[in-house]
Amino acid sequence: MMLRQILDVAWLDLVRRIRNRSAFVVGFAGPVGLAVLFGLMLSGGGGGGVSVGVAAGPATEEFIARATANAPDDGPEVRYEAFADEASARRAVDDDEVGAAVVLRDPVAVDLVVFTRTDRPISAAVAEAVGNGVQDSLLGETPATSRPLEPEALGGRELSLAAYYGAAMPLLFLFFTTSLAAQSLLAEREDGTLARLLSTSISPAALVAGKVLAVFVLSVAGFAAAWVVTTVMADAAWGAPAGVIVLILASVAALAGIATFVASFASTARQAETLSSVVAFGLALLGGNLVSPGAMPDRLRQLRRLTPNGWALDGFVQLSTDSASVGSIAVVAAVLLVFAVGFGAAGLARVQRVVAP
């Protein structure tokens, strides 16, 4: 009986939202359209701080000083970090402590190598420029005649920007979509519809669960639409389909939990919409939804791990660049489920007070 009520409420609410043009924009047109737009606009990378390691023996500090002095005024802010040897510099790139590294193996033979990451294109470009400058200085050649470096990429295939923004934009819109359940209950309480619904045989728990299920299905469908469209039209490489499905489901659950929790503090539907918007853009900025991958300043990259969308984006980047399997993103999925259960349980408990007779 309880399950039937939940499914009935979910079906009716889902049909009503599909007929609503605003739900179509938020759930489908917005995420897909912005995913394509951002991919085209920022395909060359964005601004922000980047990090480059340098290991050149006794000349390390001198190279860093020269690189800092010769940096262009309109370029990204670069943080240089000195390393004692090649092994430590390479390990730092592997562990994503720095975006790239320049290593001078032999100053006499001018044996110089640049280590890069495929998912940190801006750091890689800066490191290559520094490496070429060091090489030109040691060889006494002009940039026009110097031999080009061959950077060594430490990582998997190149990050698909279409896939990155294909995930980043739906994650942003999920805050708005998943808060619709709480907003709907508050609106129905205001116009008296909620009291009439509760006077029937529908239980408060089934009413809340049905509305949550409806927006969950709508959110998953919108995310999946962005996946399909960017894959077909933009040749986006999202990675292993099984891993993508797991991350989509876990991401929707996590953001639904937070959105429900935030909206539960509102007393009207308008307040719930405002709170959801503020939190959505705040977490989008902290999580990296609105910046080019690899262009996020180091301090913000640390804060990124405090947000569910930041964890989700890291998981999608891992799938896109390393062809990771479902098992390799288990930690990301588990963290997202912790967000979902923790905030979702608290949010639903608060929302049920709205529908309590």
# chains A, B, ... in the order shown; residues from 1 in each chain; ligands from 1
$ residues_around --residues "Gly210 in chain A" --least-positions-apart "4" --cutoff "9 Å" --atoms "only C-alpha atoms" --output "PyMOL selection string"
chain A and resi 5-11+13+181+205-206+214-215
$ closest_residue --among "A:Pro121, A:Gly342, A:Gly222, A:Gly282" --to "Gly257 in chain A" --atoms "only C-alpha atoms"
A:Gly342
$ residues_around --residues "Ile329 in chain A" --least-positions-apart "6" --cutoff "12 Å" --atoms "only C-alpha atoms" --output "PyMOL selection string"
chain A and resi 239-240+242-247+250+311-320+322-323+335-336
$ residues_around --residues "range 124-129 of chain A" --least-positions-apart "5" --cutoff "7 Å" --atoms "only C-alpha atoms" --output "PDB file with N, CA and C atoms, in the first residue's frame"
ATOM      1  N   VAL A  52      53.939  24.778 -10.708  1.00  0.00           N
ATOM      2  CA  VAL A  52      54.991  24.129 -11.490  1.00  0.00           C
ATOM      3  C   VAL A  52      56.170  23.829 -10.575  1.00  0.00           C
ATOM      4  N   GLY A  99      51.053  20.850 -10.907  1.00  0.00           N
ATOM      5  CA  GLY A  99      50.477  20.514 -12.203  1.00  0.00           C
ATOM      6  C   GLY A  99      51.479  20.026 -13.216  1.00  0.00           C
ATOM      7  N   ALA A 100      52.761  20.395 -13.050  1.00  0.00           N
ATOM      8  CA  ALA A 100      53.815  19.982 -13.982  1.00  0.00           C
ATOM      9  C   ALA A 100      55.152  20.234 -13.298  1.00  0.00           C
ATOM     10  N   ALA A 101      56.224  19.737 -13.901  1.00  0.00           N
ATOM     11  CA  ALA A 101      57.547  19.926 -13.314  1.00  0.00           C
ATOM     12  C   ALA A 101      58.602  20.004 -14.410  1.00  0.00           C
ATOM     13  N   VAL A 102      59.604  20.860 -14.177  1.00  0.00           N
ATOM     14  CA  VAL A 102      60.752  20.988 -15.075  1.00  0.00           C
ATOM     15  C   VAL A 102      61.969  20.418 -14.347  1.00  0.00           C
ATOM     16  N   VAL A 114      60.442  17.777 -19.119  1.00  0.00           N
ATOM     17  CA  VAL A 114      59.260  18.386 -18.511  1.00  0.00           C
ATOM     18  C   VAL A 114      58.226  17.293 -18.271  1.00  0.00           C
ATOM     19  N   THR A 116      54.375  16.463 -17.177  1.00  0.00           N
ATOM     20  CA  THR A 116      53.081  17.141 -17.176  1.00  0.00           C
ATOM     21  C   THR A 116      51.973  16.176 -16.803  1.00  0.00           C
ATOM     22  N   ARG A 117      50.789  16.755 -16.586  1.00  0.00           N
ATOM     23  CA  ARG A 117      49.576  15.970 -16.363  1.00  0.00           C
ATOM     24  C   ARG A 117      48.585  16.311 -17.479  1.00  0.00           C
TER      25      ARG A 117
END
$ residues_around --residues "Thr274 in chain A" --least-positions-apart "6" --cutoff "10 Å" --atoms "only C-alpha atoms" --output "number ranges by chain"
A: 176, 263, 266, 280
$ write_last_selection --atoms "N, CA and C atoms" --output "tab-separated table (two decimals), in the first residue's frame"
chain	number	residue	atom	x	y	z
A	176	PHE	N	19.09	23.12	-8.31
A	176	PHE	CA	17.77	23.69	-8.56
A	176	PHE	C	16.72	22.59	-8.74
A	263	ALA	N	16.68	23.55	1.60
A	263	ALA	CA	15.31	24.03	1.38
A	263	ALA	C	14.44	23.84	2.62
A	266	ALA	N	13.56	26.84	4.86
A	266	ALA	CA	12.68	27.90	4.37
A	266	ALA	C	11.26	27.70	4.88
A	280	ALA	N	23.67	26.88	-4.39
A	280	ALA	CA	24.07	26.29	-5.67
A	280	ALA	C	25.29	27.00	-6.25
$ closest_residue --among "A:Asn20, A:Ser88, A:Thr200, A:Ser179" --to "Ala253 in chain A" --atoms "only C-alpha atoms"
A:Ser179
$ atom_distance --atom1 "CA of Val212 in chain A" --atom2 "CA of Phe173 in chain A"
16.1 Å
$ residues_around --residues "Phe63 in chain A" --least-positions-apart "3" --cutoff "10 Å" --atoms "only C-alpha atoms" --output "PDB file with N, CA and C atoms, in the first residue's frame"
ATOM      1  N   VAL A  54      60.186  22.643  -9.976  1.00  0.00           N
ATOM      2  CA  VAL A  54      61.486  22.802 -10.639  1.00  0.00           C
ATOM      3  C   VAL A  54      62.528  22.015  -9.859  1.00  0.00           C
ATOM      4  N   ALA A  55      63.288  21.181 -10.561  1.00  0.00           N
ATOM      5  CA  ALA A  55      64.403  20.440  -9.961  1.00  0.00           C
ATOM      6  C   ALA A  55      65.607  20.610 -10.876  1.00  0.00           C
ATOM      7  N   ALA A  56      66.505  21.522 -10.513  1.00  0.00           N
ATOM      8  CA  ALA A  56      67.681  21.801 -11.344  1.00  0.00           C
ATOM      9  C   ALA A  56      68.941  21.864 -10.513  1.00  0.00           C
ATOM     10  N   PRO A  58      71.689  22.871  -7.905  1.00  0.00           N
ATOM     11  CA  PRO A  58      72.038  24.163  -7.289  1.00  0.00           C
ATOM     12  C   PRO A  58      71.432  25.359  -8.003  1.00  0.00           C
ATOM     13  N   ALA A  59      71.032  25.173  -9.279  1.00  0.00           N
ATOM     14  CA  ALA A  59      70.504  26.303 -10.048  1.00  0.00           C
ATOM     15  C   ALA A  59      68.991  26.436  -9.935  1.00  0.00           C
ATOM     16  N   THR A  60      68.358  25.628  -9.093  1.00  0.00           N
ATOM     17  CA  THR A  60      66.896  25.630  -9.009  1.00  0.00           C
ATOM     18  C   THR A  60      66.336  27.003  -8.645  1.00  0.00           C
ATOM     19  N   ARG A  66      64.336  33.619 -12.339  1.00  0.00           N
ATOM     20  CA  ARG A  66      64.283  34.105 -13.712  1.00  0.00           C
ATOM     21  C   ARG A  66      62.892  33.906 -14.319  1.00  0.00           C
ATOM     22  N   ALA A  67      62.317  32.739 -14.062  1.00  0.00           N
ATOM     23  CA  ALA A  67      60.986  32.471 -14.614  1.00  0.00           C
ATOM     24  C   ALA A  67      59.960  33.442 -14.060  1.00  0.00           C
ATOM     25  N   THR A  68      60.063  33.758 -12.767  1.00  0.00           N
ATOM     26  CA  THR A  68      59.128  34.703 -12.152  1.00  0.00           C
ATOM     27  C   THR A  68      59.307  36.103 -12.720  1.00  0.00           C
ATOM     28  N   ALA A  69      60.559  36.487 -12.923  1.00  0.00           N
ATOM     29  CA  ALA A  69      60.830  37.833 -13.442  1.00  0.00           C
ATOM     30  C   ALA A  69      60.390  37.989 -14.890  1.00  0.00           C
ATOM     31  N   TYR A  80      55.742  28.463  -8.110  1.00  0.00           N
ATOM     32  CA  TYR A  80      56.846  27.552  -8.354  1.00  0.00           C
ATOM     33  C   TYR A  80      57.245  26.865  -7.047  1.00  0.00           C
ATOM     34  N   ALA A  82      60.286  24.280  -5.432  1.00  0.00           N
ATOM     35  CA  ALA A  82      61.596  23.666  -5.660  1.00  0.00           C
ATOM     36  C   ALA A  82      61.609  22.234  -5.133  1.00  0.00           C
ATOM     37  N   VAL A 130      58.739  27.460 -19.477  1.00  0.00           N
ATOM     38  CA  VAL A 130      59.893  27.601 -18.586  1.00  0.00           C
ATOM     39  C   VAL A 130      61.034  26.703 -19.052  1.00  0.00           C
ATOM     40  N   GLY A 131      60.690  25.455 -19.406  1.00  0.00           N
ATOM     41  CA  GLY A 131      61.712  24.529 -19.871  1.00  0.00           C
ATOM     42  C   GLY A 131      62.414  25.013 -21.124  1.00  0.00           C
ATOM     43  N   GLY A 133      62.711  28.111 -22.019  1.00  0.00           N
ATOM     44  CA  GLY A 133      63.530  29.259 -21.651  1.00  0.00           C
ATOM     45  C   GLY A 133      64.847  28.842 -21.031  1.00  0.00           C
ATOM     46  N   VAL A 134      64.784  27.836 -20.147  1.00  0.00           N
ATOM     47  CA  VAL A 134      66.005  27.324 -19.526  1.00  0.00           C
ATOM     48  C   VAL A 134      66.923  26.722 -20.585  1.00  0.00           C
TER      49      VAL A 134
END
$ closest_residue --among "A:Ala226, A:Leu303, A:Leu104, A:Ala334" --to "Ala167 in chain A" --atoms "only C-alpha atoms"
A:Ala226
$ residues_around --residues "Ser267 in chain A" --least-positions-apart "4" --cutoff "8 Å" --atoms "only C-alpha atoms" --output "MDAnalysis selection string"
chainID A and resid 186 271:272
$ closest_residue --among "A:Val98, A:Val208, A:Val331, A:Ala259" --to "Ser277 in chain A" --atoms "only C-alpha atoms"
A:Ala259
$ select_by_dssp --residues "range 113-333 of chain A" --states "strand (DSSP E or B)" --output "list of chain:residue names"
A:Val113, A:Val114, A:Phe115, A:Thr116, A:Glu152, A:Ala153
$ write_last_selection --atoms "C-alpha atoms" --output "mmCIF file, in the first residue's frame"
data_model
loop_
_atom_site.group_PDB
_atom_site.id
_atom_site.type_symbol
_atom_site.label_atom_id
_atom_site.label_comp_id
_atom_site.auth_asym_id
_atom_site.auth_seq_id
_atom_site.Cartn_x
_atom_site.Cartn_y
_atom_site.Cartn_z
ATOM 1 C CA VAL A 113 62.724 17.044 -19.260
ATOM 2 C CA VAL A 114 59.260 18.386 -18.511
ATOM 3 C CA PHE A 115 56.740 16.215 -16.670
ATOM 4 C CA THR A 116 53.081 17.141 -17.176
ATOM 5 C CA GLU A 152 56.460 13.468 -20.822
ATOM 6 C CA ALA A 153 52.847 13.095 -19.698
#
$ atom_distance --atom1 "CA of Val78 in chain A" --atom2 "CA of Gly53 in chain A"
10.3 Å
$ decode --residues "range 61-102 of chain A" --atoms "C-alpha atoms" --output "short mmCIF file (atom, residue, chain, number, x, y, z; two decimals), in the first residue's frame"
data_model
loop_
_atom_site.label_atom_id
_atom_site.label_comp_id
_atom_site.auth_asym_id
_atom_site.auth_seq_id
_atom_site.Cartn_x
_atom_site.Cartn_y
_atom_site.Cartn_z
CA GLU A 61 66.33 28.86 -7.13
CA GLU A 62 67.98 30.89 -9.91
CA PHE A 63 65.71 29.33 -12.54
CA ILE A 64 62.63 30.04 -10.44
CA ALA A 65 63.72 33.66 -9.98
CA ARG A 66 64.28 34.11 -13.71
CA ALA A 67 60.99 32.47 -14.61
CA THR A 68 59.13 34.70 -12.15
CA ALA A 69 60.83 37.83 -13.44
CA ASN A 70 60.12 36.98 -17.08
CA ALA A 71 56.49 35.99 -16.56
CA PRO A 72 54.03 37.93 -18.77
CA ASP A 73 51.73 40.39 -17.01
CA ASP A 74 48.60 38.96 -18.62
CA GLY A 75 49.39 35.31 -17.90
CA PRO A 76 48.07 33.10 -15.10
CA GLU A 77 49.49 33.40 -11.60
CA VAL A 78 52.19 30.74 -11.26
CA ARG A 79 53.41 29.15 -8.03
CA TYR A 80 56.85 27.55 -8.35
CA GLU A 81 57.99 24.84 -5.97
CA ALA A 82 61.60 23.67 -5.66
CA PHE A 83 62.41 19.95 -5.48
CA ALA A 84 65.66 18.29 -4.51
CA ASP A 85 65.75 15.75 -7.31
CA GLU A 86 63.89 14.27 -10.26
CA ALA A 87 62.24 11.51 -8.23
CA SER A 88 60.57 13.93 -5.81
CA ALA A 89 59.46 16.24 -8.63
CA ARG A 90 57.99 13.36 -10.61
CA ARG A 91 56.24 12.02 -7.51
CA ALA A 92 54.69 15.43 -6.86
CA VAL A 93 53.27 15.50 -10.40
CA ASP A 94 51.99 11.94 -10.02
CA ASP A 95 50.27 12.85 -6.75
CA ASP A 96 48.83 16.05 -8.28
CA GLU A 97 50.68 18.22 -5.77
CA VAL A 98 51.92 20.31 -8.72
CA GLY A 99 50.48 20.51 -12.20
CA ALA A 100 53.82 19.98 -13.98
CA ALA A 101 57.55 19.93 -13.31
CA VAL A 102 60.75 20.99 -15.07
#
